[in-house]
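Structure below is run29.csv: CSV, C-alpha atoms and all ligand atoms.
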chain,number,residue,atom,x,y,z
U,1,MET,CA,0.0,0.0,0.0
U,2,ARG,CA,1.0,3.7,-0.4
U,3,LEU,CA,0.9,5.1,3.1
U,4,LEU,CA,1.4,8.5,4.8
U,5,VAL,CA,2.8,8.4,8.3
U,6,THR,CA,2.6,11.7,10.1
U,7,GLY,CA,5.1,12.0,13.0
U,8,GLY,CA,7.2,9.2,11.5
U,9,ALA,CA,10.4,10.8,12.8
U,10,GLY,CA,9.2,10.3,16.4
U,11,TYR,CA,9.6,7.4,18.7
U,12,ILE,CA,6.5,5.3,17.9
U,13,GLY,CA,5.9,6.6,14.4
U,14,SER,CA,9.5,5.7,13.3
U,15,VAL,CA,9.1,2.1,14.6
U,16,VAL,CA,5.8,1.7,12.8
U,17,THR,CA,7.4,3.1,9.7
U,18,ALA,CA,10.2,0.6,9.9
U,19,GLN,CA,7.8,-2.3,10.2
U,20,LEU,CA,5.7,-1.0,7.3
U,21,VAL,CA,8.8,-0.7,5.1
U,22,GLU,CA,9.8,-4.2,6.1
U,23,GLU,CA,6.4,-5.5,5.0
U,24,GLY,CA,6.9,-3.9,1.6
U,25,HIS,CA,4.7,-0.9,1.9
U,26,GLU,CA,5.6,2.4,0.2
U,27,VAL,CA,5.8,4.9,3.0
U,28,THR,CA,6.0,8.7,3.1
U,29,VAL,CA,6.8,10.3,6.4
U,30,LEU,CA,5.5,13.8,7.1
U,31,ASP,CA,7.1,15.4,10.2
U,32,ASP,CA,7.9,19.0,11.2
U,33,LEU,CA,10.9,17.8,13.4
U,34,SER,CA,9.6,19.8,16.3
U,35,THR,CA,10.2,16.8,18.6
U,36,GLY,CA,11.3,14.1,16.1
U,37,HIS,CA,14.7,13.4,14.5
U,38,ALA,CA,15.4,13.3,10.8
U,39,ASP,CA,17.8,10.4,11.4
U,40,ALA,CA,15.0,8.3,12.9
U,41,VAL,CA,13.1,8.1,9.6
U,42,PRO,CA,13.9,4.6,8.5
U,43,ALA,CA,15.8,4.1,5.3
U,44,GLY,CA,13.4,3.1,2.6
U,45,ALA,CA,10.8,5.7,3.6
U,46,ARG,CA,10.5,9.1,1.8
U,47,PHE,CA,10.7,12.1,4.1
U,48,VAL,CA,8.7,15.3,3.7
U,49,ARG,CA,9.2,18.1,6.3
U,50,GLY,CA,6.1,20.0,7.3
U,51,THR,CA,3.2,20.2,9.7
U,52,ILE,CA,-0.1,18.2,9.4
U,53,GLY,CA,-1.9,21.4,8.7
U,54,GLU,CA,0.0,21.6,5.5
U,55,THR,CA,-0.6,18.1,4.3
U,56,GLY,CA,-2.8,19.1,1.3
U,57,THR,CA,-0.4,21.7,0.0
U,58,LEU,CA,2.8,19.7,0.6
U,59,LEU,CA,1.6,16.5,-1.1
U,60,GLY,CA,-0.7,18.2,-3.6
U,61,GLU,CA,-2.1,16.0,-6.4
U,62,SER,CA,0.0,13.1,-5.3
U,63,PHE,CA,-2.0,12.8,-2.0
U,64,THR,CA,-4.9,11.2,-4.1
U,65,GLY,CA,-2.6,8.2,-4.7
U,66,PHE,CA,-2.4,7.3,-1.0
U,67,ASP,CA,-4.3,4.3,0.4
U,68,ALA,CA,-4.2,5.3,4.1
U,69,VAL,CA,-2.8,7.6,6.7
U,70,LEU,CA,-1.2,6.5,10.0
U,71,HIS,CA,-1.4,9.6,12.2
U,72,PHE,CA,1.1,10.0,15.1
U,73,ALA,CA,2.1,13.7,14.8
U,74,ALA,CA,1.0,15.4,18.0
U,75,LYS,CA,2.1,17.3,21.1
U,76,SER,CA,2.2,14.7,23.9
U,77,LEU,CA,3.4,16.1,27.2
U,78,VAL,CA,0.8,16.2,29.9
U,79,GLY,CA,2.5,18.9,32.0
U,80,GLU,CA,3.1,21.1,29.0
U,81,SER,CA,-0.6,20.7,28.0
U,82,VAL,CA,-1.7,22.1,31.3
U,83,GLU,CA,0.6,25.1,30.9
U,84,ARG,CA,-0.2,25.7,27.2
U,85,PRO,CA,-3.6,24.2,26.4
U,86,GLY,CA,-4.0,26.4,23.3
U,87,LEU,CA,-1.0,24.7,21.7
U,88,TYR,CA,-2.5,21.3,22.3
U,89,TRP,CA,-6.0,22.2,21.0
U,90,SER,CA,-4.6,23.9,17.9
U,91,ASN,CA,-2.0,21.3,17.1
U,92,ASN,CA,-3.7,18.0,18.1
U,93,LEU,CA,-7.3,18.9,17.2
U,94,GLY,CA,-6.9,21.7,14.7
U,95,GLY,CA,-4.1,20.0,12.9
U,96,THR,CA,-5.9,16.7,12.7
U,97,LEU,CA,-9.1,18.4,11.4
U,98,ALA,CA,-7.0,20.0,8.6
U,99,LEU,CA,-5.5,16.6,7.9
U,100,LEU,CA,-8.9,14.9,7.8
U,101,ASP,CA,-10.1,17.7,5.5
U,102,ALA,CA,-7.2,17.2,3.1
U,103,MET,CA,-7.8,13.4,3.2
U,104,ARG,CA,-11.5,14.0,2.3
U,105,ARG,CA,-10.6,16.3,-0.6
U,106,ALA,CA,-8.0,13.8,-1.9
U,107,GLY,CA,-10.3,10.8,-1.5
U,108,VAL,CA,-8.0,9.1,1.1
U,109,GLY,CA,-10.5,7.2,3.2
U,110,ARG,CA,-8.5,5.2,5.8
U,111,ILE,CA,-6.8,6.3,9.0
U,112,VAL,CA,-5.1,4.7,12.0
U,113,PHE,CA,-4.9,7.2,14.9
U,114,SER,CA,-2.5,7.3,17.8
U,115,SER,CA,-4.8,7.8,20.8
U,116,THR,CA,-4.0,7.4,24.5
U,117,ALA,CA,-5.0,6.0,27.9
U,118,ALA,CA,-5.1,9.7,29.0
U,119,THR,CA,-8.6,9.9,27.3
U,120,TYR,CA,-10.0,7.9,30.2
U,121,GLY,CA,-8.7,10.1,33.1
U,122,GLU,CA,-9.0,8.7,36.6
U,123,PRO,CA,-10.4,5.2,36.1
U,124,GLU,CA,-13.3,3.8,38.1
U,125,ARG,CA,-12.0,0.3,37.7
U,126,THR,CA,-9.0,-1.7,36.4
U,127,PRO,CA,-8.3,-3.1,33.9
U,128,ILE,CA,-9.8,-0.3,31.8
U,129,SER,CA,-11.9,-1.4,28.8
U,130,GLU,CA,-12.9,0.6,25.8
U,131,THR,CA,-16.5,1.1,27.0
U,132,ASP,CA,-15.4,2.7,30.3
U,133,PRO,CA,-16.1,6.5,30.8
U,134,THR,CA,-13.8,9.0,29.1
U,135,ARG,CA,-13.1,11.8,31.5
U,136,PRO,CA,-9.6,13.2,30.6
U,137,THR,CA,-7.9,15.2,33.4
U,138,ASN,CA,-5.6,17.3,31.2
U,139,PRO,CA,-5.8,19.1,27.8
U,140,TYR,CA,-3.5,16.5,26.2
U,141,GLY,CA,-6.1,13.7,26.9
U,142,ALA,CA,-9.0,16.0,26.1
U,143,SER,CA,-7.5,17.0,22.7
U,144,LYS,CA,-6.9,13.3,21.8
U,145,LEU,CA,-10.5,12.4,22.9
U,146,ALA,CA,-11.8,15.3,20.7
U,147,VAL,CA,-10.1,13.7,17.7
U,148,ASP,CA,-11.7,10.4,18.5
U,149,THR,CA,-15.1,12.2,18.5
U,150,ALA,CA,-14.2,13.8,15.2
U,151,LEU,CA,-13.2,10.4,13.7
U,152,SER,CA,-16.6,8.9,14.7
U,153,ALA,CA,-18.4,11.9,13.1
U,154,PHE,CA,-16.3,11.6,9.9
U,155,ALA,CA,-17.0,7.9,9.7
U,156,GLY,CA,-20.7,8.5,10.0
U,157,LEU,CA,-20.8,11.5,7.7
U,158,TYR,CA,-18.3,10.6,5.0
U,159,GLY,CA,-17.7,6.9,5.3
U,160,LEU,CA,-14.2,7.3,6.7
U,161,ALA,CA,-12.6,4.1,7.8
U,162,ALA,CA,-10.9,4.8,11.2
U,163,VAL,CA,-9.2,2.9,14.0
U,164,SER,CA,-8.0,4.6,17.2
U,165,LEU,CA,-5.4,2.8,19.3
U,166,ARG,CA,-5.3,3.9,22.9
U,167,TYR,CA,-1.8,3.3,24.2
U,168,PHE,CA,-0.9,2.7,27.8
U,169,ASN,CA,2.8,3.0,28.8
U,170,VAL,CA,5.0,2.4,25.7
U,171,ALA,CA,8.7,1.5,26.3
U,172,GLY,CA,11.6,-0.5,24.8
U,173,ALA,CA,13.3,0.0,21.5
U,174,TYR,CA,13.3,-1.5,18.0
U,175,GLY,CA,16.8,-1.9,16.6
U,176,ASP,CA,18.4,1.5,17.3
U,177,LEU,CA,15.0,3.3,17.2
U,178,ARG,CA,14.4,4.5,20.8
U,179,GLU,CA,12.8,7.2,22.9
U,180,ARG,CA,14.9,10.4,22.5
U,181,HIS,CA,13.0,13.4,23.9
U,182,THR,CA,14.8,16.7,24.5
U,183,VAL,CA,12.6,17.0,27.6
U,184,GLU,CA,12.3,13.5,29.0
U,185,THR,CA,9.4,12.9,31.3
U,186,HIS,CA,8.9,9.2,31.0
U,187,LEU,CA,10.0,6.8,33.8
U,188,ILE,CA,12.1,4.2,32.0
U,189,PRO,CA,14.3,6.5,29.9
U,190,ASN,CA,14.8,8.7,33.0
U,191,VAL,CA,15.9,5.7,35.1
U,192,LEU,CA,18.3,4.6,32.3
U,193,LYS,CA,19.8,8.1,32.2
U,194,VAL,CA,21.0,7.4,35.8
U,195,ALA,CA,22.6,4.1,34.7
U,196,LEU,CA,24.2,6.0,31.8
U,197,GLY,CA,25.7,8.5,34.2
U,198,GLU,CA,23.7,11.4,32.7
U,199,ARG,CA,21.8,12.0,35.9
U,200,GLU,CA,22.7,11.4,39.5
U,201,SER,CA,19.4,10.0,40.7
U,202,VAL,CA,15.9,9.4,39.5
U,203,SER,CA,13.0,11.3,41.1
U,204,LEU,CA,10.2,9.1,42.5
U,205,PHE,CA,7.0,11.0,42.3
U,206,GLY,CA,5.0,10.0,45.4
U,207,THR,CA,5.1,7.0,47.7
U,208,ASP,CA,1.6,7.5,49.3
U,209,TYR,CA,-0.6,6.1,46.6
U,210,PRO,CA,-3.2,3.5,47.6
U,211,THR,CA,-1.1,0.7,45.9
U,212,PRO,CA,0.8,-2.2,47.5
U,213,ASP,CA,4.1,-0.3,47.7
U,214,GLY,CA,2.7,3.2,47.6
U,215,THR,CA,4.0,4.1,44.1
U,216,CYS,CA,1.9,4.4,40.9
U,217,VAL,CA,1.1,1.3,38.9
U,218,ARG,CA,1.3,1.3,35.1
U,219,ASP,CA,1.0,-1.1,32.2
U,220,TYR,CA,4.1,-1.2,30.1
U,221,ILE,CA,4.0,-2.4,26.5
U,222,HIS,CA,6.9,-3.0,24.1
U,223,VAL,CA,7.1,-0.5,21.3
U,224,ALA,CA,7.6,-3.4,18.8
U,225,ASP,CA,4.3,-5.1,20.0
U,226,LEU,CA,2.5,-1.7,19.9
U,227,ALA,CA,3.8,-1.1,16.4
U,228,ARG,CA,2.6,-4.5,15.1
U,229,ALA,CA,-0.9,-3.6,16.3
U,230,HIS,CA,-0.9,-0.7,13.8
U,231,LEU,CA,-0.4,-3.1,10.8
U,232,LEU,CA,-3.3,-5.2,12.0
U,233,ALA,CA,-5.5,-2.1,12.6
U,234,LEU,CA,-4.7,-0.9,9.0
U,235,ASP,CA,-6.1,-4.2,7.6
U,236,ALA,CA,-9.1,-4.0,9.9
U,237,THR,CA,-10.3,-0.5,8.9
U,238,ALA,CA,-13.8,-0.6,7.4
U,239,ALA,CA,-15.6,2.2,5.6
U,240,GLY,CA,-18.1,4.0,7.8
U,241,ALA,CA,-16.7,2.6,11.0
U,242,HIS,CA,-14.6,4.1,13.8
U,243,GLN,CA,-13.2,1.3,15.9
U,244,ILE,CA,-11.3,1.9,19.2
U,245,PHE,CA,-8.9,-0.5,20.8
U,246,ASN,CA,-6.8,-0.3,24.0
U,247,LEU,CA,-3.2,-1.4,23.8
U,248,GLY,CA,-1.3,-2.6,26.9
U,249,ASN,CA,-0.2,-5.9,28.4
U,250,GLY,CA,-2.9,-6.2,31.1
U,251,THR,CA,-0.3,-6.3,33.9
U,252,GLY,CA,0.6,-3.5,36.2
U,253,PHE,CA,4.1,-2.7,37.6
U,254,SER,CA,4.8,-0.1,40.3
U,255,VAL,CA,7.4,2.7,39.9
U,256,LYS,CA,9.5,0.9,42.5
U,257,GLU,CA,9.2,-2.4,40.6
U,258,VAL,CA,10.3,-0.7,37.4
U,259,ILE,CA,13.3,0.8,39.0
U,260,ASP,CA,14.3,-2.6,40.5
U,261,VAL,CA,14.0,-4.2,37.0
U,262,CYS,CA,16.2,-1.4,35.6
U,263,ARG,CA,18.8,-2.2,38.4
U,264,GLU,CA,18.8,-5.8,37.4
U,265,VAL,CA,19.2,-5.1,33.7
U,266,THR,CA,21.9,-2.4,34.0
U,267,GLY,CA,23.8,-3.7,37.1
U,268,HIS,CA,23.7,0.0,38.3
U,269,GLU,CA,22.5,0.8,41.8
U,270,ILE,CA,20.3,3.7,40.5
U,271,PRO,CA,19.9,6.1,43.5
U,272,VAL,CA,16.4,7.4,44.1
U,273,THR,CA,15.2,10.7,45.4
U,274,VAL,CA,11.7,10.6,46.8
U,275,GLY,CA,9.6,13.6,45.9
U,276,PRO,CA,5.9,14.7,46.1
U,277,ARG,CA,3.2,13.3,43.8
U,278,ARG,CA,3.2,14.6,40.2
U,279,PRO,CA,-0.1,16.5,39.6
U,280,GLY,CA,-2.5,14.6,37.4
U,281,ASP,CA,-1.0,11.1,37.9
U,282,PRO,CA,-3.8,8.4,38.5
U,283,ALA,CA,-2.7,5.7,41.0
U,284,VAL,CA,-3.3,2.8,38.7
U,285,LEU,CA,-3.6,2.6,34.9
U,286,VAL,CA,-3.9,-0.9,33.5
U,287,ALA,CA,-5.4,-1.8,30.1
U,288,SER,CA,-7.8,-4.6,29.2
U,289,SER,CA,-6.5,-5.4,25.7
U,290,GLU,CA,-9.0,-8.2,25.4
U,291,LYS,CA,-10.8,-6.5,22.5
U,292,ILE,CA,-7.9,-6.2,20.2
U,293,GLN,CA,-6.7,-9.7,21.0
U,294,ARG,CA,-10.2,-11.1,20.2
U,295,GLU,CA,-11.1,-9.0,17.2
U,296,LEU,CA,-7.7,-8.4,15.5
U,297,GLY,CA,-5.7,-11.4,16.8
U,298,TRP,CA,-3.1,-9.1,18.3
U,299,LYS,CA,-0.8,-10.8,20.9
U,300,PRO,CA,2.2,-9.3,22.7
U,301,VAL,CA,5.5,-11.1,21.7
U,302,HIS,CA,7.5,-9.3,24.4
U,303,PRO,CA,5.2,-8.9,27.4
U,304,ALA,CA,7.9,-9.3,30.1
U,305,LEU,CA,9.0,-6.0,31.7
U,306,ARG,CA,12.6,-7.3,31.9
U,307,ASP,CA,12.7,-7.7,28.1
U,308,ILE,CA,11.2,-4.3,27.5
U,309,VAL,CA,13.8,-2.6,29.7
U,310,ALA,CA,16.6,-4.8,28.3
U,311,ASP,CA,15.8,-3.6,24.8
U,312,ALA,CA,15.5,0.1,25.9
U,313,TRP,CA,18.9,-0.4,27.6
U,314,ALA,CA,20.6,-2.1,24.6
U,315,ALA,CA,19.5,0.7,22.3
U,316,ALA,CA,20.6,3.4,24.9
U,317,ILE,CA,24.1,2.0,25.0
U,318,GLY,CA,24.2,1.7,21.2
U,319,LYS,CA,23.9,-2.1,20.9
U,320,GLY,CA,20.5,-2.1,19.2
U,321,SER,CA,17.6,-4.0,20.7
U,322,VAL,CA,17.2,-7.7,20.2
U,323,SER,CA,13.6,-7.6,19.3
U,324,ALA,CA,13.9,-5.9,15.9
U,401,LIG,N1,7.6,8.8,37.3
U,401,LIG,C1,8.6,9.0,38.3
U,401,LIG,N2,9.8,9.6,38.0
U,401,LIG,C2,10.1,10.0,36.7
U,401,LIG,C3,9.1,9.8,35.7
U,401,LIG,C4,7.9,9.2,36.0
U,401,LIG,O1,8.3,8.6,39.5
U,401,LIG,O2,11.1,10.6,36.5
U,401,LIG,C5,6.4,8.1,37.6
U,401,LIG,C6,5.1,8.9,37.3
U,401,LIG,O3,4.7,9.7,38.3
U,401,LIG,C7,4.1,7.8,37.0
U,401,LIG,C8,5.0,6.7,36.4
U,401,LIG,O4,6.3,6.9,36.8
U,401,LIG,O5,3.6,7.3,38.2
U,401,LIG,C9,4.9,6.6,34.9
U,401,LIG,O6,5.2,7.9,34.4
U,401,LIG,P1,5.4,8.2,32.8
U,401,LIG,O7,5.7,9.6,32.7
U,401,LIG,O8,6.5,7.2,32.3
U,401,LIG,O9,4.1,7.7,32.1
U,401,LIG,P2,2.6,8.2,32.3
U,401,LIG,O10,1.9,7.0,33.0
U,401,LIG,O11,2.6,9.4,33.0
U,401,LIG,O12,2.1,8.3,30.9
Just give me the structure as structure tokens.
Ligand code: UDP
Amino acid sequence: MRLLVTGGAGYIGSVVTAQLVEEGHEVTVLDDLSTGHADAVPAGARFVRGTIGETGTLLGESFTGFDAVLHFAAKSLVGESVERPGLYWSNNLGGTLALLDAMRRAGVGRIVFSSTAATYGEPERTPISETDPTRPTNPYGASKLAVDTALSAFAGLYGLAAVSLRYFNVAGAYGDLRERHTVETHLIPNVLKVALGERESVSLFGTDYPTPDGTCVRDYIHVADLARAHLLALDATAAGAHQIFNLGNGTGFSVKEVIDVCREVTGHEIPVTVGPRRPGDPAVLVASSEKIQRELGWKPVHPALRDIVADAWAAAIGKGSVSA
């Protein structure tokens, strides 16, 4: 297929692009490099620099030749979204509406969208399933949820074929493609920075949560497993339908457990500095991925946290992950 991957120079978008190229698809990456890296665009993919709002003008007539779009380009920092909500609404919702409009004009009728567990907010129960209430607690989650609403509307109005994948905590690496954010907020890369000698200690945000060891529990999924789900989703898109699937492993690990696994994998003692809770962090976020397993036949190949961390570590020290 001829595919457009927006945000294909970012962490998840680049891994999906690599897998699509491996499967023989013809891939164009559109990325403005605001947070992505040009050298992360896999060899074999064409690269166009620009924003999603410019898709129609940048690709022009040739956009009509695309079979589908995989849409990753977005602002994705919860804290930043609270400080600069306008940026999140204009980029994530406004940009996506411009992209959907360009798709409609060009007759490109299929999209796989990168959504998030942040659309659910503070859950009433775990594991979270797709029918649970969506009450985002920050502008990032709200902007992603608004896109999900738009996709449902476009499916009903124009026959768009859409799938949203709601990611839980994505980690690990694929070959040398890894998480490389200028401002790193995620737990595993921050812990590994300590092992690399780039930071003296890792901050532990809160030890007074109602969980077995008092630290937050999250569901970590390997980026290679997450990426594979996009290829299944692409095949599952159906005209006039907007399907939503959660993507996680269904098992929760506390922040302390994650740090312990990082200690085992790296052999580094990893000093910890205990600090206050980070605003907006729910105590427990664990996915039910039963729906995508049942309906699309997705199954994680690397569900073990140790393997996820080992791949992130191998890529961080330049050895390339084993799962690629
Ligand atoms: N966390 C932490 N120290 C860090 C980064 C994160 O204690 O340097 C905690 C954070 O409070 C949350 C968990 O680790 O409970 C996972 O955070 P992350 O930002 O990786 O993912 P999120 O669940 O927020 O998407």
field: ligand LIG 401 (chain U) neighbours within 6 Å using all atoms listed in the file, as a ChimeraX atom specification
entry: /U:169,185-187,190,202-205,216,255,278,281
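Residue nearest Gly53 (chain U), chosen from U:Asp31, U:Val78, U:Ala98, U:Tyr11 and counting all atoms listed in the file: U:Ala98.
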- request: Please identify all polymer residues within 10 Å of Leu196 (chain U), counting only C-alpha atoms, omitting same-chain residues fewer than 5 positions from it, and present them as number ranges by chain.
  value: U: 190-191, 266, 268, 270, 313, 316-317
field: Who sits within 12 Å of Gly86 (chain U), all atoms listed in the file, same chain under 5 positions skipped, as number ranges by chain
entry: U: 75, 80-81, 91-94, 139-140, 142-143
Take the residues from that selection and write them out as a PDB file, keeping the file's coordinate frame, keeping C-alpha atoms.
ATOM      1  CA  LYS U  75       2.100  17.300  21.100  1.00  0.00           C
ATOM      2  CA  GLU U  80       3.100  21.100  29.000  1.00  0.00           C
ATOM      3  CA  SER U  81      -0.600  20.700  28.000  1.00  0.00           C
ATOM      4  CA  ASN U  91      -2.000  21.300  17.100  1.00  0.00           C
ATOM      5  CA  ASN U  92      -3.700  18.000  18.100  1.00  0.00           C
ATOM      6  CA  LEU U  93      -7.300  18.900  17.200  1.00  0.00           C
ATOM      7  CA  GLY U  94      -6.900  21.700  14.700  1.00  0.00           C
ATOM      8  CA  PRO U 139      -5.800  19.100  27.800  1.00  0.00           C
ATOM      9  CA  TYR U 140      -3.500  16.500  26.200  1.00  0.00           C
ATOM     10  CA  ALA U 142      -9.000  16.000  26.100  1.00  0.00           C
ATOM     11  CA  SER U 143      -7.500  17.000  22.700  1.00  0.00           C
TER      12      SER U 143
END
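Using all atoms listed in the file, the protein and nucleic acid residues lying no more than 8 Å from Lys256 (chain U), apart from those fewer than 4 places from it along its own chain, are Asp213, Thr215 and Asp260 of chain U.
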Export C-alpha atoms of the chosen residues as a PDB file, in the coordinates of the input?
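Once everything was written out, this is part-v3.pdb:
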ATOM      1  CA  ASP U 213       4.100  -0.300  47.700  1.00  0.00           C
ATOM      2  CA  THR U 215       4.000   4.100  44.100  1.00  0.00           C
ATOM      3  CA  ASP U 260      14.300  -2.600  40.500  1.00  0.00           C
TER       4      ASP U 260
END
